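Colleague: To be precise about what I am sending: the file is called protein_9.csv and holds CSV, C-alpha atoms (C1' of nucleotides).
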chain,number,residue,atom,x,y,z
A,298,MET,CA,4.1,4.3,-6.5
A,299,SER,CA,1.4,2.8,-4.5
A,300,LEU,CA,-2.1,1.8,-5.2
A,301,GLN,CA,-3.8,2.8,-2.1
A,302,GLN,CA,-7.2,1.3,-1.5
A,303,GLN,CA,-8.9,4.5,-0.7
A,304,PRO,CA,-12.7,4.3,-0.8
A,305,VAL,CA,-13.4,4.9,-4.4
A,306,LYS,CA,-15.4,8.0,-4.8
A,307,GLU,CA,-18.8,7.2,-6.4
A,308,GLN,CA,-18.9,8.5,-9.9
A,309,ARG,CA,-21.2,8.4,-12.8
A,310,ARG,CA,-20.6,6.2,-15.8
A,311,THR,CA,-20.1,8.4,-18.7
A,312,ARG,CA,-18.9,7.9,-22.3
A,313,GLN,CA,-15.8,10.0,-21.6
A,314,ARG,CA,-14.6,8.1,-18.6
A,315,ALA,CA,-15.2,4.8,-20.4
A,316,ALA,CA,-13.1,6.0,-23.3
A,317,VAL,CA,-10.2,7.0,-21.0
A,318,ASP,CA,-10.5,3.7,-19.2
A,319,GLU,CA,-10.4,1.8,-22.4
A,320,VAL,CA,-7.2,3.4,-23.6
A,321,LEU,CA,-5.6,2.9,-20.2
A,322,GLU,CA,-6.6,-0.7,-20.3
A,323,GLU,CA,-5.0,-1.2,-23.6
A,324,THR,CA,-1.9,0.8,-22.9
A,325,GLU,CA,1.0,-1.2,-21.5
A,326,ASP,CA,3.3,1.7,-20.8
A,327,PHE,CA,3.0,5.0,-19.0
A,328,ILE,CA,1.1,7.6,-21.0
A,329,SER,CA,0.7,11.3,-20.5
A,330,ALA,CA,-2.7,13.1,-20.4
A,331,GLN,CA,-1.8,14.9,-23.6
A,332,ASP,CA,-0.9,11.7,-25.4
A,333,LEU,CA,-4.0,9.9,-24.1
A,334,HIS,CA,-6.0,12.8,-25.4
A,335,ALA,CA,-4.4,12.5,-28.8
A,336,VAL,CA,-5.1,8.8,-28.9
A,337,LEU,CA,-8.7,9.4,-28.2
A,338,ARG,CA,-8.9,12.0,-30.8
A,339,THR,CA,-7.4,9.9,-33.5
A,340,ARG,CA,-9.8,7.1,-32.7
A,341,GLY,CA,-12.7,9.5,-33.1
A,342,MET,CA,-13.7,9.0,-29.5
A,343,SER,CA,-13.2,12.7,-28.8
A,344,VAL,CA,-13.0,13.8,-25.2
A,345,GLY,CA,-12.2,17.2,-24.0
A,346,LEU,CA,-8.7,17.7,-22.8
A,347,ALA,CA,-9.8,19.1,-19.4
A,348,THR,CA,-11.9,16.0,-19.0
A,349,VAL,CA,-9.0,13.7,-19.7
A,350,TYR,CA,-7.0,15.6,-17.0
A,351,ARG,CA,-9.9,15.4,-14.5
A,352,THR,CA,-10.5,11.7,-15.2
A,353,LEU,CA,-6.9,10.8,-14.8
A,354,GLN,CA,-6.6,12.9,-11.7
A,355,THR,CA,-9.6,11.1,-10.1
A,356,LEU,CA,-8.3,7.7,-11.1
A,357,ALA,CA,-4.9,8.6,-9.5
A,358,ASP,CA,-6.6,9.9,-6.3
A,359,ASN,CA,-8.5,6.6,-6.1
A,360,GLY,CA,-5.4,4.7,-6.5
A,361,GLN,CA,-6.7,3.1,-9.7
A,362,VAL,CA,-3.7,4.3,-11.8
A,363,ASP,CA,-0.1,4.9,-10.9
A,364,VAL,CA,1.4,8.3,-11.6
A,365,LEU,CA,5.0,8.9,-12.7
A,366,HIS,CA,6.6,12.3,-13.1
A,367,THR,CA,9.0,12.3,-16.0
A,368,SER,CA,12.3,14.2,-15.8
A,369,SER,CA,10.6,16.9,-17.9
A,370,GLY,CA,8.0,17.3,-15.2
A,371,GLU,CA,5.2,15.8,-17.3
A,372,ALA,CA,2.9,13.4,-15.5
A,373,ALA,CA,2.4,10.0,-17.0
A,374,TYR,CA,-0.3,7.5,-16.0
A,375,ARG,CA,-0.6,3.7,-16.0
A,376,ARG,CA,-3.0,1.1,-14.9
A,377,CYS,CA,-0.9,-1.4,-13.1
A,378,ALA,CA,-1.4,-5.1,-12.8
A,379,ARG,CA,-0.7,-5.5,-9.1
A,380,ASP,CA,-2.6,-3.8,-6.4
A,381,GLU,CA,0.1,-3.9,-3.8
A,382,HIS,CA,2.7,-1.2,-3.4
A,383,HIS,CA,5.4,-1.5,-6.0
A,384,HIS,CA,7.8,0.4,-8.2
A,385,HIS,CA,8.7,0.7,-11.9
A,386,LEU,CA,11.6,0.0,-14.1
A,387,VAL,CA,11.0,2.3,-17.0
A,388,CYS,CA,12.7,2.5,-20.4
A,389,ARG,CA,13.9,6.0,-20.9
A,390,SER,CA,13.4,5.7,-24.6
A,391,CYS,CA,10.2,3.7,-25.3
A,392,LYS,CA,8.7,3.8,-21.8
A,393,ALA,CA,8.5,0.0,-21.6
A,394,THR,CA,7.6,-0.7,-18.0
A,395,VAL,CA,8.3,-3.5,-15.6
A,396,GLU,CA,6.6,-3.6,-12.2
A,397,VAL,CA,9.0,-4.5,-9.4
A,398,ALA,CA,8.5,-5.0,-5.7
A,399,GLY,CA,11.2,-4.2,-3.2
A,400,PRO,CA,10.2,-5.2,0.3
A,401,ALA,CA,13.7,-4.4,1.5
A,402,VAL,CA,13.4,-0.9,0.2
A,403,GLU,CA,10.1,-0.4,2.0
A,404,ARG,CA,11.6,-1.5,5.2
A,405,TRP,CA,14.6,0.6,4.7
A,406,THR,CA,12.7,3.8,4.1
A,407,LYS,CA,10.5,3.2,7.1
A,408,SER,CA,13.5,2.7,9.4
A,409,VAL,CA,15.3,5.7,8.0
A,410,ALA,CA,12.3,7.9,8.6
A,411,LYS,CA,11.8,6.5,12.1
A,412,GLU,CA,15.4,7.0,12.9
A,413,HIS,CA,15.0,10.7,12.3
A,414,GLY,CA,11.6,11.0,13.9
A,415,TYR,CA,9.8,11.6,10.6
A,416,VAL,CA,6.2,10.4,10.6
A,417,ASP,CA,3.5,10.0,8.0
A,418,VAL,CA,6.0,8.8,5.5
A,419,ALA,CA,5.8,8.1,1.8
A,420,HIS,CA,8.4,7.7,-0.8
A,421,THR,CA,8.9,7.7,-4.5
A,422,LEU,CA,11.3,5.3,-6.3
A,423,GLU,CA,11.6,4.9,-10.0
A,424,ILE,CA,14.3,3.2,-12.0
A,425,PHE,CA,15.1,4.4,-15.4
A,426,GLY,CA,17.2,2.8,-18.0
A,427,LEU,CA,17.3,1.5,-21.6
A,428,CYS,CA,15.3,-1.7,-22.2
A,429,PRO,CA,17.0,-4.6,-24.0
A,430,ARG,CA,15.3,-3.7,-27.3
A,431,CYS,CA,16.2,0.0,-27.2
A,432,ALA,CA,19.7,-0.8,-26.1
A,433,ALA,CA,20.2,-3.1,-29.1
A,434,GLN,CA,19.1,-0.4,-31.5
A,435,GLN,CA,21.7,2.0,-30.5
B,153,MET,CA,20.0,12.2,-6.3
B,154,SER,CA,23.6,12.0,-7.3
B,155,LEU,CA,26.4,14.4,-7.4
B,156,GLN,CA,28.2,13.4,-10.5
B,157,GLN,CA,31.8,14.7,-10.7
B,158,GLN,CA,31.4,15.9,-14.3
B,159,PRO,CA,34.2,18.2,-15.4
B,160,VAL,CA,33.0,21.5,-14.2
B,161,LYS,CA,32.4,23.8,-17.2
B,162,GLU,CA,34.6,26.9,-16.9
B,163,GLN,CA,32.6,29.9,-16.1
B,164,ARG,CA,33.1,33.5,-15.4
B,165,ARG,CA,32.7,34.9,-11.9
B,166,THR,CA,29.8,37.3,-11.9
B,167,ARG,CA,28.0,39.1,-9.2
B,168,GLN,CA,24.8,37.2,-10.1
B,169,ARG,CA,26.3,33.8,-9.8
B,170,ALA,CA,27.9,34.7,-6.5
B,171,ALA,CA,24.6,35.9,-5.2
B,172,VAL,CA,22.9,32.6,-6.1
B,173,ASP,CA,25.7,30.7,-4.6
B,174,GLU,CA,25.5,32.7,-1.4
B,175,VAL,CA,21.8,32.0,-1.0
B,176,LEU,CA,22.3,28.3,-1.7
B,177,GLU,CA,25.1,28.2,0.8
B,178,GLU,CA,22.9,29.6,3.5
B,179,THR,CA,19.9,27.6,2.7
B,180,GLU,CA,19.6,24.3,4.5
B,181,ASP,CA,16.6,23.1,2.7
B,182,PHE,CA,15.5,22.6,-0.9
B,183,ILE,CA,14.5,25.8,-2.6
B,184,SER,CA,12.9,26.5,-5.9
B,185,ALA,CA,14.2,28.9,-8.5
B,186,GLN,CA,11.3,31.2,-7.9
B,187,ASP,CA,11.8,31.2,-4.2
B,188,LEU,CA,15.5,31.8,-4.6
B,189,HIS,CA,14.8,34.6,-6.9
B,190,ALA,CA,12.4,36.1,-4.4
B,191,VAL,CA,15.0,35.9,-1.6
B,192,LEU,CA,17.5,37.7,-3.8
B,193,ARG,CA,15.0,40.3,-4.5
B,194,THR,CA,14.1,41.0,-0.9
B,195,ARG,CA,17.8,41.3,-0.1
B,196,GLY,CA,18.3,43.9,-2.7
B,197,MET,CA,20.7,41.6,-4.6
B,198,SER,CA,18.5,41.6,-7.6
B,199,VAL,CA,19.2,39.1,-10.3
B,200,GLY,CA,17.0,38.3,-13.3
B,201,LEU,CA,14.7,35.4,-13.0
B,202,ALA,CA,16.1,33.8,-16.2
B,203,THR,CA,19.6,34.1,-14.8
B,204,VAL,CA,18.6,32.3,-11.6
B,205,TYR,CA,17.2,29.5,-13.7
B,206,ARG,CA,20.2,29.3,-15.9
B,207,THR,CA,22.6,29.4,-12.9
B,208,LEU,CA,20.8,26.6,-11.1
B,209,GLN,CA,20.6,24.6,-14.3
B,210,THR,CA,24.3,24.8,-14.7
B,211,LEU,CA,25.0,24.0,-11.1
B,212,ALA,CA,22.8,21.0,-11.4
B,213,ASP,CA,24.5,19.9,-14.6
B,214,ASN,CA,27.8,20.1,-12.9
B,215,GLY,CA,26.5,18.1,-10.0
B,216,GLN,CA,27.1,21.0,-7.6
B,217,VAL,CA,23.6,21.0,-6.4
B,218,ASP,CA,20.9,18.3,-6.1
B,219,VAL,CA,17.6,18.6,-7.8
B,220,LEU,CA,14.3,17.4,-6.4
B,221,HIS,CA,11.0,17.4,-8.2
B,222,THR,CA,8.2,18.2,-5.8
B,223,SER,CA,4.8,16.5,-6.2
B,224,SER,CA,3.6,19.7,-7.9
B,225,GLY,CA,6.2,19.3,-10.5
B,226,GLU,CA,8.3,22.3,-9.3
B,227,ALA,CA,12.1,21.8,-9.2
B,228,ALA,CA,13.9,22.5,-6.0
B,229,TYR,CA,17.6,22.8,-5.5
B,230,ARG,CA,20.0,22.2,-2.6
B,231,ARG,CA,23.7,22.3,-2.1
B,232,CYS,CA,24.4,19.0,-0.3
B,233,ALA,CA,27.1,18.3,2.2
B,234,ARG,CA,28.2,14.9,0.9
B,235,ASP,CA,29.5,14.4,-2.6
B,236,GLU,CA,28.7,10.8,-2.9
B,237,HIS,CA,25.4,9.5,-4.2
B,238,HIS,CA,22.7,9.8,-1.6
B,239,HIS,CA,19.0,10.4,-1.1
B,240,HIS,CA,16.8,12.7,0.9
B,241,LEU,CA,14.4,12.5,3.7
B,242,VAL,CA,12.3,15.7,3.2
B,243,CYS,CA,9.7,17.3,5.4
B,244,ARG,CA,6.5,17.7,3.4
B,245,SER,CA,5.6,20.8,5.4
B,246,CYS,CA,8.8,22.8,6.1
B,247,LYS,CA,11.2,21.1,3.7
B,248,ALA,CA,13.7,20.2,6.4
B,249,THR,CA,16.1,17.8,4.8
B,250,VAL,CA,18.2,14.9,6.0
B,251,GLU,CA,20.7,13.3,3.6
B,252,VAL,CA,20.7,9.5,3.8
B,253,ALA,CA,22.8,6.9,2.1
B,254,GLY,CA,21.4,3.5,1.2
B,255,PRO,CA,24.0,1.2,-0.3
B,256,ALA,CA,21.5,-1.6,-0.2
B,257,VAL,CA,19.1,0.3,-2.3
B,258,GLU,CA,21.8,1.0,-4.9
B,259,ARG,CA,22.6,-2.6,-5.1
B,260,TRP,CA,19.0,-3.6,-5.4
B,261,THR,CA,18.2,-1.2,-8.2
B,262,LYS,CA,21.2,-2.4,-10.1
B,263,SER,CA,20.3,-6.0,-9.8
B,264,VAL,CA,16.7,-5.4,-10.7
B,265,ALA,CA,17.7,-3.6,-13.8
B,266,LYS,CA,20.2,-6.2,-14.8
B,267,GLU,CA,17.7,-9.0,-14.2
B,268,HIS,CA,15.4,-7.4,-16.8
B,269,GLY,CA,18.2,-6.5,-19.2
B,270,TYR,CA,18.0,-2.8,-18.7
B,271,VAL,CA,21.2,-0.9,-19.1
B,272,ASP,CA,22.4,2.6,-18.5
B,273,VAL,CA,20.4,2.7,-15.3
B,274,ALA,CA,19.6,5.6,-13.0
B,275,HIS,CA,17.0,6.0,-10.3
B,276,THR,CA,15.2,8.5,-8.2
B,277,LEU,CA,14.4,7.9,-4.6
B,278,GLU,CA,13.0,10.5,-2.2
B,279,ILE,CA,11.4,10.0,1.2
B,280,PHE,CA,8.7,12.4,2.3
B,281,GLY,CA,7.2,12.8,5.7
B,282,LEU,CA,6.6,15.2,8.6
B,283,CYS,CA,9.7,16.1,10.5
B,284,PRO,CA,9.5,15.9,14.4
B,285,ARG,CA,9.0,19.6,14.7
B,286,CYS,CA,6.1,19.9,12.2
B,287,ALA,CA,4.5,16.7,13.5
B,288,ALA,CA,4.4,18.2,17.0
B,289,GLN,CA,2.7,21.3,15.8
B,290,GLN,CA,-0.3,19.4,14.4
C,24,DC,C1',44.4,50.6,-17.9
C,25,DC,C1',42.3,50.2,-22.6
C,26,DT,C1',40.7,47.2,-26.3
C,27,DT,C1',38.9,43.3,-28.1
C,28,DG,C1',36.5,38.9,-28.2
C,29,DT,C1',33.5,36.3,-25.7
C,30,DT,C1',30.3,35.3,-22.1
C,31,DT,C1',26.5,36.7,-19.4
C,32,DT,C1',22.7,39.3,-18.3
C,33,DG,C1',17.8,40.7,-18.1
C,34,DA,C1',13.5,42.3,-19.7
C,35,DC,C1',10.1,40.3,-22.2
C,36,DA,C1',7.9,37.1,-25.2
C,37,DA,C1',6.7,32.5,-25.9
C,38,DT,C1',6.0,27.7,-24.6
C,39,DG,C1',3.7,24.0,-22.6
C,40,DG,C1',1.5,21.3,-19.2
C,41,DT,C1',-2.2,21.9,-16.1
C,42,DT,C1',-6.2,23.9,-13.8
C,43,DG,C1',-10.2,27.2,-13.4
C,44,DT,C1',-14.8,28.8,-15.3
C,45,DC,C1',-19.4,28.2,-16.3
C,46,DA,C1',-23.3,27.4,-19.2
C,47,DA,C1',-25.0,23.5,-21.6
C,48,DT,C1',-25.6,18.6,-21.3
C,49,DC,C1',-25.9,14.1,-19.4
C,50,DT,C1',-26.9,10.6,-15.2
C,51,DT,C1',-29.2,9.2,-11.7
C,52,DT,C1',-33.0,8.7,-8.7
C,53,DA,C1',-37.4,9.5,-7.3
D,52,DT,C1',-40.7,11.8,-16.9
D,53,DA,C1',-38.9,15.4,-14.1
D,54,DA,C1',-36.0,17.4,-10.8
D,55,DA,C1',-31.4,17.5,-8.6
D,56,DG,C1',-27.0,17.1,-9.2
D,57,DA,C1',-22.7,15.7,-11.5
D,58,DT,C1',-20.1,16.1,-15.7
D,59,DT,C1',-18.5,18.0,-19.9
D,60,DG,C1',-15.9,21.0,-23.0
D,61,DA,C1',-14.4,25.2,-25.1
D,62,DC,C1',-11.6,28.6,-23.6
D,63,DA,C1',-9.2,31.5,-20.6
D,64,DA,C1',-6.0,31.7,-17.0
D,65,DC,C1',-2.0,30.0,-14.6
D,66,DC,C1',2.6,29.3,-13.7
D,67,DA,C1',7.0,27.3,-14.1
D,68,DT,C1',10.3,27.2,-17.3
D,69,DT,C1',12.8,28.4,-21.7
D,70,DG,C1',14.0,31.3,-25.8
D,71,DT,C1',15.5,35.8,-27.7
D,72,DC,C1',18.7,39.3,-28.4
D,73,DA,C1',20.6,43.7,-27.7
D,74,DA,C1',23.2,45.7,-23.9
D,75,DA,C1',26.4,45.1,-20.2
D,76,DA,C1',30.1,42.7,-17.9
D,77,DC,C1',34.2,39.8,-17.8
D,78,DA,C1',38.9,38.0,-19.0
D,79,DA,C1',43.2,38.4,-21.3
D,80,DG,C1',46.6,40.7,-23.9
D,81,DG,C1',48.8,44.6,-25.3
Could you render the structure as structure tokens?

Modeller:
Amino acid sequence: MSLQQQPVKEQRRTRQRAAVDEVLEETEDFISAQDLHAVLRTRGMSVGLATVYRTLQTLADNGQVDVLHTSSGEAAYRRCARDEHHHHLVCRSCKATVEVAGPAVERWTKSVAKEHGYVDVAHTLEIFGLCPRCAAQQ
Amino acid sequence: MSLQQQPVKEQRRTRQRAAVDEVLEETEDFISAQDLHAVLRTRGMSVGLATVYRTLQTLADNGQVDVLHTSSGEAAYRRCARDEHHHHLVCRSCKATVEVAGPAVERWTKSVAKEHGYVDVAHTLEIFGLCPRCAAQQ
DNA sequence: CCTTGTTTTGACAATGGTTGTCAATCTTTA
DNA sequence: TAAAGATTGACAACCATTGTCAAAACAAGG
């Protein structure tokens, strides 16, 4: 997942967007729109579900959060530490996430694409497993 | 996407499953359950939508087809030529697909996971771009 | 080629994540 | 402070996918 430095669309500062930002800031792991909405709700910082979706969508478009599609098809979002292109090692069970960079992989995908004449290339790469903690609990 | 050689669950030969198989056999590119259902319908080989879903699900579970989750979250299926683990270079526009193997990537993901103590590791890697033909049409 | 036990089917309802709608409300800028 | 425009939220709508369950199809044995 890449954090593209697209020109950030100008937006208004609203209570709702601040609330979503705040939760993202505090959340170490990937979180779905629904879950984020639930968190806001339990904190009393109520924000409409549609607004949560829209806000996350915009953040993703601006490259300010990374998006991950879980195996169930649900989208999960995360504010990542590094700005450069990177990937994630995600715990299947608790969602604990490690950011990993793989320059070799980047090069490989580019060369593969070129080899077959594909242009305007992008790729998705995610690694799923059980983190040490969850593995121990089994 | 991997084609695991799980023990293939015994199943009955039915007209419906044969029909789905036939379409998969003829279809070079990834195809969604809905689209496959539409194809069957236009051919007069009508099969219930739920059945199409179930059949594809089973084929995927048995590792007889590869599954790809498009950016819109829709699942697409494809009967691949090679049995070993591999990935796909997919045209964003026409879905033209090239199967690619990347031993180095496999090694890299394993080592990254190990390095962080993650076990029971799997990964998803897909490359998207514009195939030569579609790129030329722009 | 019947019969019986089991699997499979399919029409339809239900689910669940996500997006569209649009009037009311808030931000920004003048 | 007012006008212009962006944003919100409650709710409906969407759409892929799964659950339901009686009817139909299959496999195997007699």

Colleague: May I ask you to extract the residues of chain A within 8 Å of chain C, using all atoms listed in the file, and to give them as a ChimeraX atom specification?

Modeller: /A:309-311,350,371

Colleague: Interatomic distance between atom CA of A:Asn359 and atom CA of A:Val317?

Modeller: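 Atom CA of A:Val317 lies 15.0 Å from atom CA of A:Asn359.
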
Colleague: Which of these, D:DT71, D:DA53, D:DG60, D:DA76, has the shortest distance to chain B once you count all atoms listed in the file?

Modeller: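 When distances to chain B are compared using all atoms listed in the file, the smallest one comes from D:DA76.
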
Colleague: Counting all atoms listed in the file, give me one row per residue of chain B with an atom at most 12 Å from an atom of chain A, showing the shortest contact pair and its distance in Å to one decimal, sorted by chain then residue number, as JSON lines.

Modeller:
{"residue": "B:Met153", "atom": "CA", "partner": "A:Leu422", "partner_atom": "CA", "distance": 11.1}
{"residue": "B:Val219", "atom": "CA", "partner": "A:Ser368", "partner_atom": "CA", "distance": 10.6}
{"residue": "B:Leu220", "atom": "CA", "partner": "A:Ser368", "partner_atom": "CA", "distance": 10.1}
{"residue": "B:His221", "atom": "CA", "partner": "A:Gly370", "partner_atom": "CA", "distance": 7.6}
{"residue": "B:Thr222", "atom": "CA", "partner": "A:Gly370", "partner_atom": "CA", "distance": 9.4}
{"residue": "B:Ser223", "atom": "CA", "partner": "A:His366", "partner_atom": "CA", "distance": 8.3}
{"residue": "B:Ser224", "atom": "CA", "partner": "A:Gly370", "partner_atom": "CA", "distance": 8.9}
{"residue": "B:Gly225", "atom": "CA", "partner": "A:Gly370", "partner_atom": "CA", "distance": 5.4}
{"residue": "B:Glu226", "atom": "CA", "partner": "A:Gly370", "partner_atom": "CA", "distance": 7.7}
{"residue": "B:Ala227", "atom": "CA", "partner": "A:Gly370", "partner_atom": "CA", "distance": 8.5}
{"residue": "B:His239", "atom": "CA", "partner": "A:Thr406", "partner_atom": "CA", "distance": 10.5}
{"residue": "B:His240", "atom": "CA", "partner": "A:His420", "partner_atom": "CA", "distance": 9.9}
{"residue": "B:Leu241", "atom": "CA", "partner": "A:Ala410", "partner_atom": "CA", "distance": 7.0}
{"residue": "B:Val242", "atom": "CA", "partner": "A:Tyr415", "partner_atom": "CA", "distance": 8.8}
{"residue": "B:Cys243", "atom": "CA", "partner": "A:Tyr415", "partner_atom": "CA", "distance": 7.7}
{"residue": "B:Arg244", "atom": "CA", "partner": "A:Val418", "partner_atom": "CA", "distance": 9.2}
{"residue": "B:Ser245", "atom": "CA", "partner": "A:Asp417", "partner_atom": "CA", "distance": 11.3}
{"residue": "B:Lys247", "atom": "CA", "partner": "A:Tyr415", "partner_atom": "CA", "distance": 11.8}
{"residue": "B:Ala248", "atom": "CA", "partner": "A:Tyr415", "partner_atom": "CA", "distance": 10.3}
{"residue": "B:Thr249", "atom": "CA", "partner": "A:His413", "partner_atom": "CA", "distance": 10.4}
{"residue": "B:Val250", "atom": "CA", "partner": "A:His413", "partner_atom": "CA", "distance": 8.2}
{"residue": "B:Glu251", "atom": "CA", "partner": "A:Val409", "partner_atom": "CA", "distance": 10.3}
{"residue": "B:Val252", "atom": "CA", "partner": "A:Val409", "partner_atom": "CA", "distance": 7.8}
{"residue": "B:Ala253", "atom": "CA", "partner": "A:Val409", "partner_atom": "CA", "distance": 9.6}
{"residue": "B:Gly254", "atom": "CA", "partner": "A:Trp405", "partner_atom": "CA", "distance": 8.2}
{"residue": "B:Pro255", "atom": "CA", "partner": "A:Trp405", "partner_atom": "CA", "distance": 10.7}
{"residue": "B:Ala256", "atom": "CA", "partner": "A:Val402", "partner_atom": "CA", "distance": 8.1}
{"residue": "B:Val257", "atom": "CA", "partner": "A:Val402", "partner_atom": "CA", "distance": 6.3}
{"residue": "B:Glu258", "atom": "CA", "partner": "A:Val402", "partner_atom": "CA", "distance": 10.0}
{"residue": "B:Arg259", "atom": "CA", "partner": "A:Val402", "partner_atom": "CA", "distance": 10.8}
{"residue": "B:Trp260", "atom": "CA", "partner": "A:Gly399", "partner_atom": "CA", "distance": 8.1}
{"residue": "B:Thr261", "atom": "CA", "partner": "A:Ile424", "partner_atom": "CA", "distance": 7.0}
{"residue": "B:Lys262", "atom": "CA", "partner": "A:Ile424", "partner_atom": "CA", "distance": 9.1}
{"residue": "B:Ser263", "atom": "CA", "partner": "A:Ile424", "partner_atom": "CA", "distance": 11.2}
{"residue": "B:Val264", "atom": "CA", "partner": "A:Val397", "partner_atom": "CA", "distance": 7.9}
{"residue": "B:Ala265", "atom": "CA", "partner": "A:Leu386", "partner_atom": "CA", "distance": 7.1}
{"residue": "B:Lys266", "atom": "CA", "partner": "A:Pro429", "partner_atom": "CA", "distance": 9.9}
{"residue": "B:Glu267", "atom": "CA", "partner": "A:Pro429", "partner_atom": "CA", "distance": 10.8}
{"residue": "B:His268", "atom": "CA", "partner": "A:Cys428", "partner_atom": "CA", "distance": 7.9}
{"residue": "B:Gly269", "atom": "CA", "partner": "A:Pro429", "partner_atom": "CA", "distance": 5.3}
{"residue": "B:Tyr270", "atom": "CA", "partner": "A:Cys428", "partner_atom": "CA", "distance": 4.6}
{"residue": "B:Val271", "atom": "CA", "partner": "A:Leu427", "partner_atom": "CA", "distance": 5.2}
{"residue": "B:Asp272", "atom": "CA", "partner": "A:Gly426", "partner_atom": "CA", "distance": 5.2}
{"residue": "B:Val273", "atom": "CA", "partner": "A:Gly426", "partner_atom": "CA", "distance": 4.2}
{"residue": "B:Ala274", "atom": "CA", "partner": "A:Phe425", "partner_atom": "CA", "distance": 5.2}
{"residue": "B:His275", "atom": "CA", "partner": "A:Ile424", "partner_atom": "CA", "distance": 4.2}
{"residue": "B:Thr276", "atom": "CA", "partner": "A:Leu422", "partner_atom": "CA", "distance": 5.4}
{"residue": "B:Leu277", "atom": "CA", "partner": "A:Leu422", "partner_atom": "CA", "distance": 4.4}
{"residue": "B:Glu278", "atom": "CA", "partner": "A:Thr421", "partner_atom": "CA", "distance": 5.5}
{"residue": "B:Ile279", "atom": "CA", "partner": "A:His420", "partner_atom": "CA", "distance": 4.3}
{"residue": "B:Phe280", "atom": "CA", "partner": "A:Ala419", "partner_atom": "CA", "distance": 5.2}
{"residue": "B:Gly281", "atom": "CA", "partner": "A:Val418", "partner_atom": "CA", "distance": 4.2}
{"residue": "B:Leu282", "atom": "CA", "partner": "A:Val416", "partner_atom": "CA", "distance": 5.2}
{"residue": "B:Cys283", "atom": "CA", "partner": "A:Tyr415", "partner_atom": "CA", "distance": 4.5}
{"residue": "B:Pro284", "atom": "CA", "partner": "A:Gly414", "partner_atom": "CA", "distance": 5.4}
{"residue": "B:Arg285", "atom": "CA", "partner": "A:Gly414", "partner_atom": "CA", "distance": 9.0}
{"residue": "B:Cys286", "atom": "CA", "partner": "A:Tyr415", "partner_atom": "CA", "distance": 9.2}
{"residue": "B:Ala287", "atom": "CA", "partner": "A:Val416", "partner_atom": "CA", "distance": 7.1}
{"residue": "B:Ala288", "atom": "CA", "partner": "A:Val416", "partner_atom": "CA", "distance": 10.2}
{"residue": "B:Gln290", "atom": "CA", "partner": "A:Val416", "partner_atom": "CA", "distance": 11.7}

Colleague: Counting only C-alpha atoms (C1' of nucleotides), give me one row per residue of chain D with an atom at most 12 Å from an atom of chain A, showing the shortest contact pair and its distance in Å to one decimal, sorted by chain then residue number, as CSV.

Modeller:
residue,atom,partner,partner_atom,distance
D:DG56,C1',A:Arg309,CA,11.1
D:DA57,C1',A:Arg309,CA,7.6
D:DT58,C1',A:Thr311,CA,8.3
D:DT59,C1',A:Thr348,CA,7.0
D:DG60,C1',A:Gly345,CA,5.4
D:DA61,C1',A:Gly345,CA,8.4
D:DC62,C1',A:Ala347,CA,10.5
D:DA67,C1',A:Gly370,CA,10.1
D:DT68,C1',A:Ser369,CA,10.3

Colleague: Rounded to one decimal in Å, what is the spacing between atom CA of B:Gln216 and atom CA of B:Ser184?

Modeller: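 Answer for the atom CA of B:Gln216 to atom CA of B:Ser184 separation: 15.3 Å.
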
Colleague: How many Å separate atom CA of A:Met342 from atom C1' of D:DA64?

Modeller: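 One can read the atom CA of A:Met342 to atom C1' of D:DA64 distance as 27.0 Å.
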